[in-house]
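**Q** You'll find entry.pdb just under this line, and it carries PDB, C-alpha atoms.
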```pdb
ATOM      1  CA  MET Z 399     -16.604  -3.926  -8.822
ATOM      2  CA  CYS Z 400     -14.221  -1.994  -6.513
ATOM      3  CA  ASN Z 401     -14.502   0.675  -3.852
ATOM      4  CA  ASP Z 402     -11.621   2.612  -2.314
ATOM      5  CA  TYR Z 403     -11.470   4.089   1.165
ATOM      6  CA  ILE Z 404      -8.727   6.257   2.668
ATOM      7  CA  ILE Z 405      -8.353   5.921   6.418
ATOM      8  CA  ALA Z 406      -5.490   7.770   8.186
ATOM      9  CA  ASN Z 407      -3.720   8.119   4.805
ATOM     10  CA  TYR Z 408      -3.976   4.370   4.102
ATOM     11  CA  ARG Z 409      -5.794   3.288   0.947
ATOM     12  CA  LEU Z 410      -8.051   0.290   1.471
ATOM     13  CA  ARG Z 411      -9.532  -1.278  -1.681
ATOM     14  CA  ILE Z 412     -12.528  -3.616  -1.463
ATOM     15  CA  ASN Z 413     -13.101  -5.901  -4.473
ATOM     16  CA  GLY Z 414     -16.024  -8.091  -5.375
ATOM     17  CA  PRO Z 415     -19.791  -8.035  -5.566
ATOM     18  CA  HIS Z 416     -20.127  -6.655  -2.017
ATOM     19  CA  SER Z 417     -17.479  -3.923  -2.188
ATOM     20  CA  ASP Z 418     -19.783  -1.070  -1.098
ATOM     21  CA  LEU Z 419     -19.337  -1.250   2.681
ATOM     22  CA  ALA Z 420     -21.947   1.457   3.357
ATOM     23  CA  GLY Z 421     -24.442  -0.529   1.278
ATOM     24  CA  LEU Z 422     -23.775  -3.530   3.534
ATOM     25  CA  GLY Z 423     -24.837  -1.585   6.619
ATOM     26  CA  LEU Z 424     -21.437  -0.115   7.483
ATOM     27  CA  ALA Z 425     -22.350   3.574   7.214
ATOM     28  CA  ALA Z 426     -19.297   4.539   9.316
ATOM     29  CA  PHE Z 427     -17.118   3.847   6.242
ATOM     30  CA  THR Z 428     -18.978   6.455   4.123
ATOM     31  CA  PRO Z 429     -16.800   9.453   5.137
ATOM     32  CA  PHE Z 430     -13.692   7.498   4.104
ATOM     33  CA  SER Z 431     -14.974   6.606   0.627
ATOM     34  CA  VAL Z 432     -12.926   8.065  -2.241
ATOM     35  CA  GLU Z 433     -13.086   7.761  -5.986
ATOM     36  CA  TYR Z 434     -11.565   4.550  -7.307
ATOM     37  CA  ASN Z 435      -8.155   5.166  -8.856
ATOM     38  CA  GLU Z 436      -6.774   2.277 -10.886
ATOM     39  CA  CYS Z 437      -3.206   3.582 -10.560
ATOM     40  CA  ALA Z 438      -3.324   4.309  -6.841
ATOM     41  CA  GLN Z 439      -1.082   2.311  -4.547
ATOM     42  CA  CYS Z 440      -3.135   0.390  -1.989
ATOM     43  CA  ASP Z 441      -2.089  -0.448   1.539
ATOM     44  CA  MET Z 442      -4.557  -3.342   1.711
ATOM     45  CA  VAL Z 443      -6.789  -5.028  -0.866
ATOM     46  CA  MET Z 444      -9.726  -7.077   0.428
ATOM     47  CA  THR Z 445     -11.694  -9.424  -1.819
ATOM     48  CA  MET Z 446     -15.255 -10.207  -0.736
ATOM     49  CA  ALA Z 447     -17.158 -13.479  -1.319
ATOM     50  CA  ALA Z 448     -13.918 -15.439  -1.742
ATOM     51  CA  ASP Z 449     -13.655 -19.212  -1.665
ATOM     52  CA  ILE Z 450     -11.446 -19.906   1.346
ATOM     53  CA  SER Z 451     -10.079 -23.216   2.535
ATOM     54  CA  LEU Z 452      -8.338 -23.251   5.903
ATOM     55  CA  GLU Z 453      -6.830 -26.664   5.161
ATOM     56  CA  ALA Z 454      -4.318 -25.142   2.706
ATOM     57  CA  GLU Z 455      -1.670 -24.578   5.395
ATOM     58  CA  GLU Z 456      -1.015 -25.524   8.993
ATOM     59  CA  LEU Z 457      -2.322 -22.807  11.296
ATOM     60  CA  THR Z 458      -1.349 -22.043  14.883
ATOM     61  CA  GLU Z 459      -3.856 -20.282  17.127
ATOM     62  CA  LEU Z 460      -2.320 -17.116  18.551
ATOM     63  CA  THR Z 461      -5.342 -16.143  20.644
ATOM     64  CA  HIS Z 462      -9.093 -16.439  20.931
ATOM     65  CA  PHE Z 463     -11.472 -13.951  22.489
ATOM     66  CA  ASP Z 464     -15.132 -13.065  22.864
ATOM     67  CA  PHE Z 465     -16.605 -10.466  20.524
ATOM     68  CA  ALA Z 466     -19.355  -9.097  22.744
ATOM     69  CA  GLU Z 467     -21.008  -6.875  20.107
ATOM     70  CA  GLY Z 468     -21.686  -9.897  17.915
ATOM     71  CA  ASP Z 469     -22.108 -12.377  20.779
ATOM     72  CA  ALA Z 470     -19.414 -14.366  18.979
ATOM     73  CA  VAL Z 471     -16.053 -16.018  19.434
ATOM     74  CA  CYS Z 472     -13.006 -14.892  17.460
ATOM     75  CA  ARG Z 473      -9.876 -16.877  16.761
ATOM     76  CA  PHE Z 474      -6.671 -15.307  15.447
ATOM     77  CA  LEU Z 475      -4.313 -17.772  13.756
ATOM     78  CA  ARG Z 476      -0.987 -17.659  11.940
ATOM     79  CA  GLY Z 477       0.417 -19.832   9.200
ATOM     80  CA  ASP Z 478       3.632 -19.711   7.187
ATOM     81  CA  LYS Z 479       2.037 -17.510   4.537
ATOM     82  CA  SER Z 480      -0.974 -15.927   6.191
ATOM     83  CA  TYR Z 481      -2.857 -14.614   9.189
ATOM     84  CA  VAL Z 482      -6.455 -15.735   9.732
ATOM     85  CA  LEU Z 483      -9.273 -14.250  11.793
ATOM     86  CA  THR Z 484     -12.430 -16.308  12.253
ATOM     87  CA  ILE Z 485     -15.648 -14.975  13.792
ATOM     88  CA  GLU Z 486     -18.538 -17.276  14.619
ATOM     89  CA  ASN Z 487     -21.705 -17.504  16.669
ATOM     90  CA  ASP Z 488     -24.878 -19.601  16.673
ATOM     91  CA  LYS Z 489     -26.820 -17.126  14.485
ATOM     92  CA  HIS Z 490     -24.305 -16.511  11.684
ATOM     93  CA  PRO Z 491     -22.120 -18.859   9.674
ATOM     94  CA  LEU Z 492     -18.361 -18.781  10.134
ATOM     95  CA  HIS Z 493     -16.870 -15.533   8.795
ATOM     96  CA  ILE Z 494     -13.244 -15.938   7.725
ATOM     97  CA  PHE Z 495     -10.697 -13.207   6.987
ATOM     98  CA  LEU Z 496      -7.471 -14.572   5.504
ATOM     99  CA  CYS Z 497      -4.502 -12.237   4.975
ATOM    100  CA  ASP Z 498      -1.751 -13.309   2.584
ATOM    101  CA  ARG Z 499       1.378 -11.461   3.658
ATOM    102  CA  GLN Z 500       2.213  -9.883   0.301
ATOM    103  CA  ASN Z 501       2.852  -6.299  -0.756
ATOM    104  CA  PRO Z 502       0.241  -4.893  -0.764
ATOM    105  CA  PRO Z 503      -1.381  -7.290   1.689
ATOM    106  CA  GLN Z 504      -4.228  -9.282   0.167
ATOM    107  CA  VAL Z 505      -7.156 -10.044   2.461
ATOM    108  CA  PHE Z 506      -9.844 -12.512   1.430
ATOM    109  CA  THR Z 507     -13.166 -12.958   3.197
ATOM    110  CA  ASN Z 508     -16.024 -15.359   2.654
ATOM    111  CA  ALA Z 509     -18.479 -12.608   3.722
ATOM    112  CA  GLY Z 510     -20.872 -12.376   0.816
ATOM    113  CA  LYS Z 511     -20.479 -16.051   0.019
ATOM    114  CA  VAL Z 512     -21.947 -16.667   3.485
ATOM    115  CA  GLU Z 513     -24.589 -14.342   4.955
ATOM    116  CA  VAL Z 514     -22.948 -10.985   5.702
ATOM    117  CA  SER Z 515     -23.069  -9.981   9.353
ATOM    118  CA  PRO Z 516     -22.378  -6.203   9.359
ATOM    119  CA  SER Z 517     -20.781  -6.292  12.823
ATOM    120  CA  PHE Z 518     -18.536  -9.220  11.847
ATOM    121  CA  LEU Z 519     -17.569  -7.535   8.565
ATOM    122  CA  ARG Z 520     -16.782  -4.214  10.264
ATOM    123  CA  PHE Z 521     -14.709  -5.839  13.005
ATOM    124  CA  GLY Z 522     -12.874  -8.148  10.575
ATOM    125  CA  THR Z 523     -12.058  -5.281   8.210
ATOM    126  CA  TRP Z 524     -10.668  -3.081  11.013
ATOM    127  CA  PHE Z 525      -8.805  -6.027  12.538
ATOM    128  CA  MET Z 526      -7.068  -6.904   9.264
ATOM    129  CA  LEU Z 527      -6.287  -3.240   8.548
ATOM    130  CA  ASN Z 528      -4.557  -3.109  11.949
ATOM    131  CA  VAL Z 529      -2.649  -6.338  11.220
ATOM    132  CA  ASN Z 530      -1.440  -4.828   7.961
ATOM    133  CA  THR Z 531      -0.431  -1.411   9.294
ATOM    134  CA  ILE Z 532       1.198  -2.457  12.572
ATOM    135  CA  HIS Z 533       4.646  -2.451  10.926
ATOM    136  CA  ARG Z 534       4.114   1.310  10.469
ATOM    137  CA  GLN Z 535       3.304   1.630  14.185
ATOM    138  CA  THR Z 536      -0.312   2.450  13.369
ATOM    139  CA  ALA Z 537      -3.527   1.084  14.855
ATOM    140  CA  ALA Z 538      -7.142   2.072  14.314
ATOM    141  CA  ILE Z 539      -9.163   2.527  17.487
ATOM    142  CA  HIS Z 540     -12.885   2.989  18.119
ATOM    143  CA  SER Z 541     -13.043   6.577  19.345
ATOM    144  CA  SER Z 542     -14.260  10.099  18.873
ATOM    145  CA  ALA Z 543     -12.110  13.229  19.199
ATOM    146  CA  ILE Z 544     -12.271  16.990  19.563
ATOM    147  CA  CYS Z 545      -9.563  19.612  19.212
ATOM    148  CA  TYR Z 546      -9.435  22.161  22.053
ATOM    149  CA  ARG Z 547      -6.807  24.928  22.359
ATOM    150  CA  GLY Z 548      -4.441  23.103  20.038
ATOM    151  CA  GLU Z 549      -4.721  19.835  21.948
ATOM    152  CA  VAL Z 550      -6.744  16.745  21.066
ATOM    153  CA  VAL Z 551      -9.092  15.068  23.512
ATOM    154  CA  LEU Z 552      -9.822  11.468  22.592
ATOM    155  CA  PHE Z 553     -12.951   9.681  23.852
ATOM    156  CA  LEU Z 554     -12.628   5.895  24.002
ATOM    157  CA  GLY Z 555     -15.288   3.363  24.918
ATOM    158  CA  GLU Z 556     -17.649   0.639  23.865
ATOM    159  CA  SER Z 557     -20.259   1.292  21.190
ATOM    160  CA  GLY Z 558     -23.239   3.193  22.565
ATOM    161  CA  THR Z 559     -21.482   4.771  25.568
ATOM    162  CA  GLY Z 560     -21.807   8.368  24.329
ATOM    163  CA  LYS Z 561     -18.499   9.189  22.621
ATOM    164  CA  SER Z 562     -20.138  10.943  19.679
ATOM    165  CA  THR Z 563     -22.685  12.627  21.928
ATOM    166  CA  HIS Z 564     -19.900  14.117  24.058
ATOM    167  CA  THR Z 565     -17.999  15.390  21.041
ATOM    168  CA  ARG Z 566     -21.136  17.041  19.621
ATOM    169  CA  LEU Z 567     -21.789  18.754  22.973
TER
END
```
Take the structure in the file and write it out as C-alpha cells.
**A**
Amino acid sequence: MCNDYIIANYRLRINGPHSDLAGLGLAAFTPFSVEYNECAQCDMVMTMAADISLEAEELTELTHFDFAEGDAVCRFLRGDKSYVLTIENDKHPLHIFLCDRQNPPQVFTNAGKVEVSPSFLRFGTWFMLNVNTIHRQTAAIHSSAICYRGEVVLFLGESGTGKSTHTRL
C-alpha cells in the first residue's frame, strides 16, 4: 500500500500498512494527498512499520531537544550512511526515523510496528522531509499565510496560538 503527497512541489511517498497519514490522525496532510503515480519521481520515500536496528552503524549525537507537544525528548544522530531521529517519552515507545542518504532518500520508521503516536509521526515526517530538502535550500515551517496587495503575510507560532483563526479573519 502506498500514498503520495505533494508538499511545496516535493513528492513524498509513504509505503506500508500505515501509509494513509490522514487515517492515522494526521488530517493536516489531507490537502497534500495526490493520486499515486508509479512512474513519478519521489523526493522522499518513507516506509512505515519497518524493522530498525540502531546497532548497524556507529552513530554520533548531533543534538537533543525537548518536544513539548509530545512531552518527549528527541535525539538527532548521524552515521556514515544515515541520519536518525528518535522521539521518546514515558507514555509511548521509542519512535525511530532512519534516513538512508540515497537518491531518492529512503526514510524508515518503526511507527506502526510500535504504537503510532500521531504527534510523533507528524513531527518525524516533517523533520525528515526538512533533512532531505535542505540541500535545495528548502524548509517546511509550521505557519499560516494570507496574501494581501501582492504581498504575503506569514503567521508563525506554536500549535493552538491562533494562526489559522487570524488568517480566516
**Q** Within 8 Å of Met526 (chain Z), counting all atoms listed in the file, which residues show up once you throw out same-chain ones fewer than 3 positions away? Write them as a list in words, please.
**A**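 With the cut-off at 8 Å, the set is Phe495, Cys497, Val505, Gly522, Thr523, Val529 and Asn530 of chain Z.
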**Q** Given the selection you just returned, output its residues as a file containing C-alpha atoms, formatted as a short mmCIF file (atom, residue, chain, number, x, y, z; two decimals), in the coordinates of the input.
**A**
```
data_model
loop_
_atom_site.label_atom_id
_atom_site.label_comp_id
_atom_site.auth_asym_id
_atom_site.auth_seq_id
_atom_site.Cartn_x
_atom_site.Cartn_y
_atom_site.Cartn_z
CA PHE Z 495 -10.70 -13.21 6.99
CA CYS Z 497 -4.50 -12.24 4.97
CA VAL Z 505 -7.16 -10.04 2.46
CA GLY Z 522 -12.87 -8.15 10.58
CA THR Z 523 -12.06 -5.28 8.21
CA VAL Z 529 -2.65 -6.34 11.22
CA ASN Z 530 -1.44 -4.83 7.96
#
```
**Q** Kindly assemble as a tab-separated table a list of the region 401-499 of chain Z residues that lie within 9 Å of region 531-550 of chain Z, each paired with its nearest atom pair and their distance in Å to one decimal, using only C-alpha atoms, sorted first by chain and then by ascending residue number.
**A**
```
residue	atom	partner	partner_atom	distance
Z:Ile405	CA	Z:Ala538	CA	8.9
Z:Ala406	CA	Z:Ala538	CA	8.5
Z:Tyr408	CA	Z:Thr531	CA	8.5
Z:Asp441	CA	Z:Thr531	CA	8.0
Z:Met442	CA	Z:Thr531	CA	8.8
```
**Q** Ranking Z:His462, Z:Arg473, Z:Arg411, Z:Arg566 by minimum distance to Val443 (chain Z) and counting only C-alpha atoms, which one comes first?
**A**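 Using only C-alpha atoms, Val443 (chain Z) sits closest to Z:Arg411.
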**Q** Which value, in Å to one decimal, gives the distance between CA of Pro516 (chain Z) and CA of Val482 (chain Z)?
**A**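 For CA of Pro516 (chain Z) relative to CA of Val482 (chain Z), the distance reads 18.6 Å.
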**Q** Between Z:Gly477, Z:Gly468, Z:Tyr434, Z:Asp488, which is the closest to Glu453 (chain Z) once you count all atoms listed in the file?
**A**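 Using all atoms listed in the file, the shortest distance to Glu453 (chain Z) belongs to Z:Gly477.
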**Q** For region 548-563 of chain Z, what centre and edge lengths in Å (one decimal) does the axis-aligned box get once 8 Å is added on each side of all its listed atoms, as JSON?
**A**
```
{"center_x": -13.8, "center_y": 11.9, "center_z": 22.6, "size_x": 34.8, "size_y": 38.5, "size_z": 21.9}
```
**Q** Taking (-6.0, -26.1, 6.1) in the file's own coordinates, collect the residues within 12 Å, counting all atoms listed in the file, and hand them back as a ChimeraX atom specification.
**A** /Z:450-458,475-480,482,496
**Q** Could you work out how far CA of Trp524 (chain Z) lies from CA of Arg409 (chain Z), giving the answer in Å with one decimal?
**A** 12.9 Å
**Q** Write only C-alpha atoms for region 419-476 of chain Z from the block just shown, as a PDB file, in the first residue's frame.
**A**
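And here's selection27.pdb as it stands now:
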```
ATOM      1  CA  LEU Z 419      -1.407   9.670   7.174  1.00  0.00           C
ATOM      2  CA  ALA Z 420      -4.884  11.221   7.491  1.00  0.00           C
ATOM      3  CA  GLY Z 421      -6.204   7.846   8.657  1.00  0.00           C
ATOM      4  CA  LEU Z 422      -3.548   7.868  11.392  1.00  0.00           C
ATOM      5  CA  GLY Z 423      -4.873  11.135  12.805  1.00  0.00           C
ATOM      6  CA  LEU Z 424      -2.777  13.491  10.679  1.00  0.00           C
ATOM      7  CA  ALA Z 425      -5.620  15.332   8.933  1.00  0.00           C
ATOM      8  CA  ALA Z 426      -3.277  18.230   8.053  1.00  0.00           C
ATOM      9  CA  PHE Z 427      -1.745  16.003   5.339  1.00  0.00           C
ATOM     10  CA  THR Z 428      -5.118  15.561   3.555  1.00  0.00           C
ATOM     11  CA  PRO Z 429      -4.829  18.676   1.327  1.00  0.00           C
ATOM     12  CA  PHE Z 430      -1.438  17.436   0.095  1.00  0.00           C
ATOM     13  CA  SER Z 431      -2.668  13.964  -0.885  1.00  0.00           C
ATOM     14  CA  VAL Z 432      -2.398  13.178  -4.608  1.00  0.00           C
ATOM     15  CA  GLU Z 433      -3.103  10.128  -6.693  1.00  0.00           C
ATOM     16  CA  TYR Z 434      -0.352   7.526  -6.540  1.00  0.00           C
ATOM     17  CA  ASN Z 435       1.748   7.541  -9.703  1.00  0.00           C
ATOM     18  CA  GLU Z 436       4.065   4.567 -10.099  1.00  0.00           C
ATOM     19  CA  CYS Z 437       6.283   6.456 -12.559  1.00  0.00           C
ATOM     20  CA  ALA Z 438       6.522   9.678 -10.578  1.00  0.00           C
ATOM     21  CA  GLN Z 439       9.899  10.716  -9.236  1.00  0.00           C
ATOM     22  CA  CYS Z 440       9.821  10.984  -5.444  1.00  0.00           C
ATOM     23  CA  ASP Z 441      11.833  13.379  -3.333  1.00  0.00           C
ATOM     24  CA  MET Z 442      11.487  11.153  -0.264  1.00  0.00           C
ATOM     25  CA  VAL Z 443      10.112   7.649   0.279  1.00  0.00           C
ATOM     26  CA  MET Z 444       9.141   6.675   3.831  1.00  0.00           C
ATOM     27  CA  THR Z 445       8.413   3.078   4.809  1.00  0.00           C
ATOM     28  CA  MET Z 446       6.192   2.573   7.854  1.00  0.00           C
ATOM     29  CA  ALA Z 447       6.361  -0.320  10.358  1.00  0.00           C
ATOM     30  CA  ALA Z 448       9.982  -1.073   9.439  1.00  0.00           C
ATOM     31  CA  ASP Z 449      12.310  -3.264  11.462  1.00  0.00           C
ATOM     32  CA  ILE Z 450      15.076  -0.895  12.539  1.00  0.00           C
ATOM     33  CA  SER Z 451      18.258  -1.702  14.402  1.00  0.00           C
ATOM     34  CA  LEU Z 452      20.352   1.230  15.585  1.00  0.00           C
ATOM     35  CA  GLU Z 453      23.320  -1.064  16.220  1.00  0.00           C
ATOM     36  CA  ALA Z 454      24.011  -1.389  12.470  1.00  0.00           C
ATOM     37  CA  GLU Z 455      26.368   1.611  12.401  1.00  0.00           C
ATOM     38  CA  GLU Z 456      28.139   3.902  14.828  1.00  0.00           C
ATOM     39  CA  LEU Z 457      26.030   6.993  15.451  1.00  0.00           C
ATOM     40  CA  THR Z 458      27.103  10.397  16.739  1.00  0.00           C
ATOM     41  CA  GLU Z 459      24.547  12.575  18.512  1.00  0.00           C
ATOM     42  CA  LEU Z 460      24.307  15.951  16.794  1.00  0.00           C
ATOM     43  CA  THR Z 461      21.744  17.411  19.193  1.00  0.00           C
ATOM     44  CA  HIS Z 462      18.941  16.559  21.570  1.00  0.00           C
ATOM     45  CA  PHE Z 463      15.946  18.695  22.437  1.00  0.00           C
ATOM     46  CA  ASP Z 464      12.575  18.656  24.157  1.00  0.00           C
ATOM     47  CA  PHE Z 465       9.476  18.134  22.031  1.00  0.00           C
ATOM     48  CA  ALA Z 466       6.936  19.996  24.141  1.00  0.00           C
ATOM     49  CA  GLU Z 467       3.842  18.977  22.139  1.00  0.00           C
ATOM     50  CA  GLY Z 468       4.541  15.312  22.832  1.00  0.00           C
ATOM     51  CA  ASP Z 469       6.151  15.855  26.244  1.00  0.00           C
ATOM     52  CA  ALA Z 470       9.072  13.916  24.776  1.00  0.00           C
ATOM     53  CA  VAL Z 471      12.794  14.042  24.167  1.00  0.00           C
ATOM     54  CA  CYS Z 472      14.232  13.963  20.650  1.00  0.00           C
ATOM     55  CA  ARG Z 473      17.723  12.960  19.632  1.00  0.00           C
ATOM     56  CA  PHE Z 474      19.173  13.688  16.193  1.00  0.00           C
ATOM     57  CA  LEU Z 475      22.111  11.461  15.241  1.00  0.00           C
ATOM     58  CA  ARG Z 476      24.370  10.947  12.240  1.00  0.00           C
TER      59      ARG Z 476
END
```
